[in-house]
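File shown: model-v7.pdb. Contents: PDB, C-alpha atoms.
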```
ATOM      1  CA  MET M  28       0.000   0.000   0.000
ATOM      2  CA  PRO M  29       1.476   3.382  -0.965
ATOM      3  CA  ALA M  30       2.299   5.875   1.772
ATOM      4  CA  PRO M  31      -0.320   8.587   2.301
ATOM      5  CA  LEU M  32       0.201  11.936   0.622
ATOM      6  CA  THR M  33       0.432  15.275   2.381
ATOM      7  CA  LEU M  34       0.250  18.538   0.461
ATOM      8  CA  ALA M  35       1.358  21.652   2.317
ATOM      9  CA  CYS M  36       0.944  25.158   0.972
ATOM     10  CA  LEU M  37       3.520  27.517   2.432
ATOM     11  CA  CYS M  38       2.142  31.026   2.349
ATOM     12  CA  ALA M  39       1.929  34.391   4.083
ATOM     13  CA  ALA M  40      -1.212  36.099   5.360
ATOM     14  CA  TRP M  41      -0.301  39.369   3.654
ATOM     15  CA  CYS M  42       0.048  37.738   0.215
ATOM     16  CA  LYS M  43      -2.950  38.444  -2.026
ATOM     17  CA  THR M  44      -2.041  35.543  -4.332
ATOM     18  CA  CYS M  45      -2.091  33.174  -1.345
ATOM     19  CA  THR M  46      -5.443  34.487  -0.184
ATOM     20  CA  GLU M  47      -6.910  33.877  -3.630
ATOM     21  CA  TYR M  48      -5.228  30.460  -3.943
ATOM     22  CA  ARG M  49      -6.670  29.293  -0.608
ATOM     23  CA  LEU M  50     -10.078  28.649  -2.207
ATOM     24  CA  THR M  51      -8.477  26.636  -5.011
ATOM     25  CA  PHE M  52      -6.322  24.689  -2.558
ATOM     26  CA  ASP M  53      -9.262  23.883  -0.273
ATOM     27  CA  ALA M  54     -11.379  22.728  -3.241
ATOM     28  CA  LEU M  55      -8.556  20.470  -4.449
ATOM     29  CA  VAL M  56      -8.196  18.941  -0.990
ATOM     30  CA  ALA M  57     -11.960  18.355  -0.759
ATOM     31  CA  GLN M  58     -11.829  16.465  -4.087
ATOM     32  CA  SER M  59      -8.875  14.307  -3.021
ATOM     33  CA  PRO M  60      -9.919  11.609  -0.549
ATOM     34  CA  GLY M  61      -7.077  10.433   1.642
ATOM     35  CA  LEU M  62      -4.978  13.528   1.016
ATOM     36  CA  GLN M  63      -3.775  15.248   4.149
ATOM     37  CA  ALA M  64      -3.356  18.964   3.670
ATOM     38  CA  ALA M  65      -1.752  21.801   5.569
ATOM     39  CA  TRP M  66      -1.937  25.544   5.106
ATOM     40  CA  VAL M  67       1.255  26.893   6.666
ATOM     41  CA  ASP M  68       1.722  30.605   7.291
ATOM     42  CA  ILE M  69       5.495  30.930   7.156
ATOM     43  CA  GLU M  70       5.504  33.944   9.449
ATOM     44  CA  ASP M  71       3.150  32.572  12.121
ATOM     45  CA  HIS M  72       5.009  29.237  12.132
ATOM     46  CA  ALA M  73       8.569  30.458  11.517
ATOM     47  CA  ASP M  74      10.046  28.933  14.690
ATOM     48  CA  ALA M  75       8.268  25.598  14.251
ATOM     49  CA  LEU M  76       9.405  25.381  10.626
ATOM     50  CA  GLU M  77      13.047  25.588  11.689
ATOM     51  CA  ALA M  78      12.738  23.101  14.563
ATOM     52  CA  PHE M  79      14.748  20.416  12.735
ATOM     53  CA  GLY M  80      17.342  22.704  11.154
ATOM     54  CA  PRO M  81      17.585  25.295   8.425
ATOM     55  CA  VAL M  82      14.840  25.280   5.807
ATOM     56  CA  PRO M  83      14.796  26.775   2.312
ATOM     57  CA  ASP M  84      14.024  30.470   1.967
ATOM     58  CA  ILE M  85      10.418  30.830   0.897
ATOM     59  CA  ASP M  86      10.350  33.956  -1.221
ATOM     60  CA  ASN M  87       7.619  33.226  -3.754
ATOM     61  CA  PHE M  88       4.035  32.117  -3.342
ATOM     62  CA  PRO M  89       2.335  29.767  -3.487
ATOM     63  CA  THR M  90       5.053  27.315  -2.563
ATOM     64  CA  LEU M  91       4.004  23.685  -2.261
ATOM     65  CA  LEU M  92       5.577  20.820  -0.353
ATOM     66  CA  LEU M  93       4.339  17.359  -1.313
ATOM     67  CA  MET M  94       5.247  14.452   0.931
ATOM     68  CA  ARG M  95       4.751  10.735   0.483
ATOM     69  CA  GLY M  96       4.566   9.568   4.052
ATOM     70  CA  GLU M  97       6.933  12.011   5.687
ATOM     71  CA  GLN M  98       9.366  12.066   2.765
ATOM     72  CA  PRO M  99       9.397  15.152   0.515
ATOM     73  CA  VAL M 100       8.888  14.398  -3.179
ATOM     74  CA  PHE M 101       8.214  17.936  -4.421
ATOM     75  CA  TYR M 102       9.118  21.374  -3.147
ATOM     76  CA  GLY M 103       8.726  24.549  -5.169
ATOM     77  CA  THR M 104       6.782  27.584  -6.201
ATOM     78  CA  VAL M 105       3.858  26.832  -8.506
ATOM     79  CA  LEU M 106       1.389  28.767 -10.585
ATOM     80  CA  PRO M 107      -1.773  29.343  -8.528
ATOM     81  CA  HIS M 108      -3.991  27.132 -10.679
ATOM     82  CA  ALA M 109      -5.751  23.954  -9.577
ATOM     83  CA  GLY M 110      -4.481  22.017 -12.601
ATOM     84  CA  VAL M 111      -0.858  22.412 -11.523
ATOM     85  CA  ALA M 112      -1.442  20.840  -8.115
ATOM     86  CA  GLN M 113      -3.723  18.173  -9.620
ATOM     87  CA  ARG M 114      -0.952  17.089 -12.014
ATOM     88  CA  LEU M 115       1.519  17.067  -9.155
ATOM     89  CA  LEU M 116      -0.737  14.785  -7.109
ATOM     90  CA  ALA M 117      -1.305  12.497 -10.103
ATOM     91  CA  GLN M 118       2.470  12.055 -10.479
ATOM     92  CA  ALA M 119       3.249  11.743  -6.749
ATOM     93  CA  GLU M 120       3.901   7.999  -6.692
ATOM     94  CA  ALA M 121       6.534   8.289  -9.422
ATOM     95  CA  LEU M 122       8.421  11.236  -7.911
ATOM     96  CA  PRO M 123      11.738  10.462  -6.221
ATOM     97  CA  VAL M 124      12.392  11.496  -2.629
ATOM     98  CA  LEU M 125      14.166  14.835  -2.349
ATOM     99  CA  ASN M 126      17.339  14.437  -0.326
ATOM    100  CA  GLU M 127      18.320  18.092   0.098
ATOM    101  CA  PRO M 128      18.835  18.608   3.855
ATOM    102  CA  GLU M 129      16.852  21.871   4.012
ATOM    103  CA  VAL M 130      13.840  20.296   2.273
ATOM    104  CA  GLN M 131      14.113  17.251   4.571
ATOM    105  CA  HIS M 132      14.085  19.597   7.610
ATOM    106  CA  LEU M 133      11.020  21.382   6.224
ATOM    107  CA  ALA M 134       9.185  18.083   5.690
ATOM    108  CA  GLN M 135      10.049  16.930   9.227
ATOM    109  CA  ALA M 136       8.747  20.210  10.645
ATOM    110  CA  VAL M 137       5.470  20.097   8.693
ATOM    111  CA  ALA M 138       4.922  16.455   9.689
ATOM    112  CA  GLN M 139       5.558  17.301  13.342
ATOM    113  CA  MET M 140       3.200  20.304  13.233
ATOM    114  CA  LEU M 141       0.468  18.087  11.747
ATOM    115  CA  ARG M 142       1.017  15.382  14.386
ATOM    116  CA  SER M 143       0.884  17.943  17.180
ATOM    117  CA  GLY M 144      -2.314  19.549  15.867
ATOM    118  CA  LEU M 145      -0.621  22.893  15.175
ATOM    119  CA  LEU M 146      -1.891  22.744  11.587
ATOM    120  CA  ARG M 147      -5.338  21.768  10.354
TER     121      ARG M 147
END
```

Whole structure, structure tokens version:
Amino acid sequence: MPAPLTLACLCAAWCKTCTEYRLTFDALVAQSPGLQAAWVDIEDHADALEAFGPVPDIDNFPTLLLMRGEQPVFYGTVLPHAGVAQRLLAQAEALPVLNEPEVQHLAQAVAQMLRSGLLR
């Protein structure tokens, strides 16, 4: 059985693009049974994001982190369109694990925040 997928959107409350993308993201999650999702405000959760070590600078939005289990398989800025994330989810099983230490730290932090109930 494949590991469950988690899709995290890393955003900022002040970002208009993020605010607009939230509706698209929530609709995608609602249409994806079994997908765990997290909306992570990088400013509100800055300390928690760096709990396992340095993480990548998040300068552009929306930035998505896709994990298979707790292993990152995609990290990057995407166009704020549902089709982009849908294609990413469709390809998730074939994506290799990302071994960059900063992305690994980010995935560990998001997984821990989800386990602890800090994120929805």

Q: Find the residues around Phe52 of chain M up to 9 Å (all atoms listed in the file counted), leave out those fewer than 2 positions away in its own chain, and share them as a ChimeraX atom specification.
A: /M:36,48-50,54-57,64,66,107-109,112

_Using all atoms listed in the file, which protein or nucleic acid residues come within 10 Å of Phe101 of chain M? Drop anything in the same chain fewer than 6 positions from it, and give the result as a ChimeraX atom specification._
/M:34,91-95,115-116,119,122-125,130

Restricting to only C-alpha atoms, whichever of M:Cys45, M:Ile69, M:Leu106, M:Met140 is closest to Pro83 of chain M is M:Ile69

Gap from atom CA of Ala65 of chain M to atom CA of Leu141 of chain M - Å, one decimal |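 Separation of atom CA of Ala65 of chain M and atom CA of Leu141 of chain M: 7.5 Å.
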
**Hits from the PyMOL selection byres ((chain M and resi 78) around 12), listed as a ChimeraX atom specification** = /M:72-77,79-82,129,131-140

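With distances taken over all atoms listed in the file, M:Pro99 is the one residue among M:Leu145, M:Pro99, M:Gly110, M:Pro128 lying closest to Leu32 of chain M.
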
Residues in the PyMOL selection byres ((chain M and resi 90) around 6), expressed as an mmCIF file with C-alpha atoms, in the frame of the given file:
```
data_model
loop_
_atom_site.group_PDB
_atom_site.id
_atom_site.type_symbol
_atom_site.label_atom_id
_atom_site.label_comp_id
_atom_site.auth_asym_id
_atom_site.auth_seq_id
_atom_site.Cartn_x
_atom_site.Cartn_y
_atom_site.Cartn_z
ATOM 1 C CA CYS M 36 0.944 25.158 0.972
ATOM 2 C CA LEU M 37 3.520 27.517 2.432
ATOM 3 C CA PHE M 88 4.035 32.117 -3.342
ATOM 4 C CA PRO M 89 2.335 29.767 -3.487
ATOM 5 C CA LEU M 91 4.004 23.685 -2.261
ATOM 6 C CA GLY M 103 8.726 24.549 -5.169
ATOM 7 C CA THR M 104 6.782 27.584 -6.201
#
```

Interatomic distance (Å, one decimal) between atom CA of Asp84 of chain M and atom CA of Val111 of chain M
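One can read the atom CA of Asp84 of chain M to atom CA of Val111 of chain M distance as 21.6 Å.
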
#### Entry: Shell of 10 Å around Ala40 of chain M, all atoms listed in the file, local chain residues under 4 positions omitted, as a ChimeraX atom specification
/M:44-46,67-71

Pairwise distance for atom CA of Glu120 of chain M and atom CA of Gln63 of chain M, rounded to one decimal in Å: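 Distance between the two atoms: 15.1 Å.
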
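Among M:Leu146, M:Asn126, M:Asp86, M:Ala117, the residue with the shortest atom-to-atom distance to Val100 of chain M, counting all atoms listed in the file, is M:Asn126.
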
Using only C-alpha atoms, the residue out of M:Thr51, M:Gln58, M:Gly96, M:Ile85 with shortest distance to Thr33 of chain M is M:Gly96

Among M:Ala35, M:Leu62, M:Ala121, M:Cys42, Tyr102 of chain M is approached most closely, using only C-alpha atoms, by M:Ala35

Taking the partial coordinates given, rebuild segment 79-103 of chain M to contain N, CA and C atoms; return it as a PDB file, in the frame of the given file.
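Contents of part.pdb, as written:
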```pdb
ATOM      1  N   PHE M  79      13.858  21.533  13.056  1.00  0.00           N
ATOM      2  CA  PHE M  79      14.748  20.416  12.735  1.00  0.00           C
ATOM      3  C   PHE M  79      16.015  20.866  12.018  1.00  0.00           C
ATOM      4  N   GLY M  80      16.172  22.171  11.834  1.00  0.00           N
ATOM      5  CA  GLY M  80      17.342  22.704  11.154  1.00  0.00           C
ATOM      6  C   GLY M  80      16.931  23.727  10.121  1.00  0.00           C
ATOM      7  N   PRO M  81      17.898  24.262   9.412  1.00  0.00           N
ATOM      8  CA  PRO M  81      17.585  25.295   8.425  1.00  0.00           C
ATOM      9  C   PRO M  81      16.677  24.759   7.322  1.00  0.00           C
ATOM     10  N   VAL M  82      15.767  25.618   6.886  1.00  0.00           N
ATOM     11  CA  VAL M  82      14.840  25.280   5.807  1.00  0.00           C
ATOM     12  C   VAL M  82      15.081  26.229   4.640  1.00  0.00           C
ATOM     13  N   PRO M  83      14.593  25.880   3.457  1.00  0.00           N
ATOM     14  CA  PRO M  83      14.796  26.775   2.312  1.00  0.00           C
ATOM     15  C   PRO M  83      14.111  28.120   2.531  1.00  0.00           C
ATOM     16  N   ASP M  84      14.688  29.169   1.951  1.00  0.00           N
ATOM     17  CA  ASP M  84      14.024  30.470   1.967  1.00  0.00           C
ATOM     18  C   ASP M  84      12.773  30.365   1.113  1.00  0.00           C
ATOM     19  N   ILE M  85      11.679  30.852   1.634  1.00  0.00           N
ATOM     20  CA  ILE M  85      10.418  30.830   0.897  1.00  0.00           C
ATOM     21  C   ILE M  85      10.125  32.269   0.507  1.00  0.00           C
ATOM     22  N   ASP M  86      10.443  32.581  -0.736  1.00  0.00           N
ATOM     23  CA  ASP M  86      10.350  33.956  -1.221  1.00  0.00           C
ATOM     24  C   ASP M  86       9.202  34.178  -2.181  1.00  0.00           C
ATOM     25  N   ASN M  87       8.676  33.111  -2.752  1.00  0.00           N
ATOM     26  CA  ASN M  87       7.619  33.226  -3.754  1.00  0.00           C
ATOM     27  C   ASN M  87       6.441  32.354  -3.349  1.00  0.00           C
ATOM     28  N   PHE M  88       5.269  32.786  -3.751  1.00  0.00           N
ATOM     29  CA  PHE M  88       4.035  32.117  -3.342  1.00  0.00           C
ATOM     30  C   PHE M  88       3.139  31.863  -4.543  1.00  0.00           C
ATOM     31  N   PRO M  89       2.336  30.800  -4.502  1.00  0.00           N
ATOM     32  CA  PRO M  89       2.335  29.767  -3.487  1.00  0.00           C
ATOM     33  C   PRO M  89       3.504  28.806  -3.675  1.00  0.00           C
ATOM     34  N   THR M  90       4.016  28.334  -2.567  1.00  0.00           N
ATOM     35  CA  THR M  90       5.053  27.315  -2.563  1.00  0.00           C
ATOM     36  C   THR M  90       4.427  26.048  -1.987  1.00  0.00           C
ATOM     37  N   LEU M  91       4.581  24.953  -2.702  1.00  0.00           N
ATOM     38  CA  LEU M  91       4.004  23.685  -2.261  1.00  0.00           C
ATOM     39  C   LEU M  91       5.093  22.714  -1.823  1.00  0.00           C
ATOM     40  N   LEU M  92       4.756  21.937  -0.807  1.00  0.00           N
ATOM     41  CA  LEU M  92       5.577  20.820  -0.353  1.00  0.00           C
ATOM     42  C   LEU M  92       4.687  19.593  -0.414  1.00  0.00           C
ATOM     43  N   LEU M  93       5.077  18.613  -1.210  1.00  0.00           N
ATOM     44  CA  LEU M  93       4.339  17.359  -1.313  1.00  0.00           C
ATOM     45  C   LEU M  93       5.185  16.274  -0.671  1.00  0.00           C
ATOM     46  N   MET M  94       4.542  15.528   0.239  1.00  0.00           N
ATOM     47  CA  MET M  94       5.247  14.452   0.931  1.00  0.00           C
ATOM     48  C   MET M  94       4.508  13.137   0.715  1.00  0.00           C
ATOM     49  N   ARG M  95       5.273  12.106   0.528  1.00  0.00           N
ATOM     50  CA  ARG M  95       4.751  10.735   0.483  1.00  0.00           C
ATOM     51  C   ARG M  95       5.186  10.127   1.808  1.00  0.00           C
ATOM     52  N   GLY M  96       4.222   9.880   2.662  1.00  0.00           N
ATOM     53  CA  GLY M  96       4.566   9.568   4.052  1.00  0.00           C
ATOM     54  C   GLY M  96       5.112  10.852   4.646  1.00  0.00           C
ATOM     55  N   GLU M  97       6.300  10.787   5.180  1.00  0.00           N
ATOM     56  CA  GLU M  97       6.933  12.011   5.687  1.00  0.00           C
ATOM     57  C   GLU M  97       8.147  12.385   4.852  1.00  0.00           C
ATOM     58  N   GLN M  98       8.237  11.800   3.650  1.00  0.00           N
ATOM     59  CA  GLN M  98       9.366  12.066   2.765  1.00  0.00           C
ATOM     60  C   GLN M  98       8.965  13.080   1.693  1.00  0.00           C
ATOM     61  N   PRO M  99       9.734  14.163   1.537  1.00  0.00           N
ATOM     62  CA  PRO M  99       9.397  15.152   0.515  1.00  0.00           C
ATOM     63  C   PRO M  99       9.680  14.611  -0.884  1.00  0.00           C
ATOM     64  N   VAL M 100       8.706  14.809  -1.784  1.00  0.00           N
ATOM     65  CA  VAL M 100       8.888  14.398  -3.179  1.00  0.00           C
ATOM     66  C   VAL M 100       8.748  15.579  -4.137  1.00  0.00           C
ATOM     67  N   PHE M 101       8.267  16.709  -3.622  1.00  0.00           N
ATOM     68  CA  PHE M 101       8.214  17.936  -4.421  1.00  0.00           C
ATOM     69  C   PHE M 101       8.275  19.112  -3.468  1.00  0.00           C
ATOM     70  N   TYR M 102       9.071  20.110  -3.864  1.00  0.00           N
ATOM     71  CA  TYR M 102       9.118  21.374  -3.147  1.00  0.00           C
ATOM     72  C   TYR M 102       9.361  22.460  -4.180  1.00  0.00           C
ATOM     73  N   GLY M 103       8.482  23.444  -4.235  1.00  0.00           N
ATOM     74  CA  GLY M 103       8.726  24.549  -5.169  1.00  0.00           C
ATOM     75  C   GLY M 103       7.541  25.477  -5.301  1.00  0.00           C
TER      76      GLY M 103
END
```
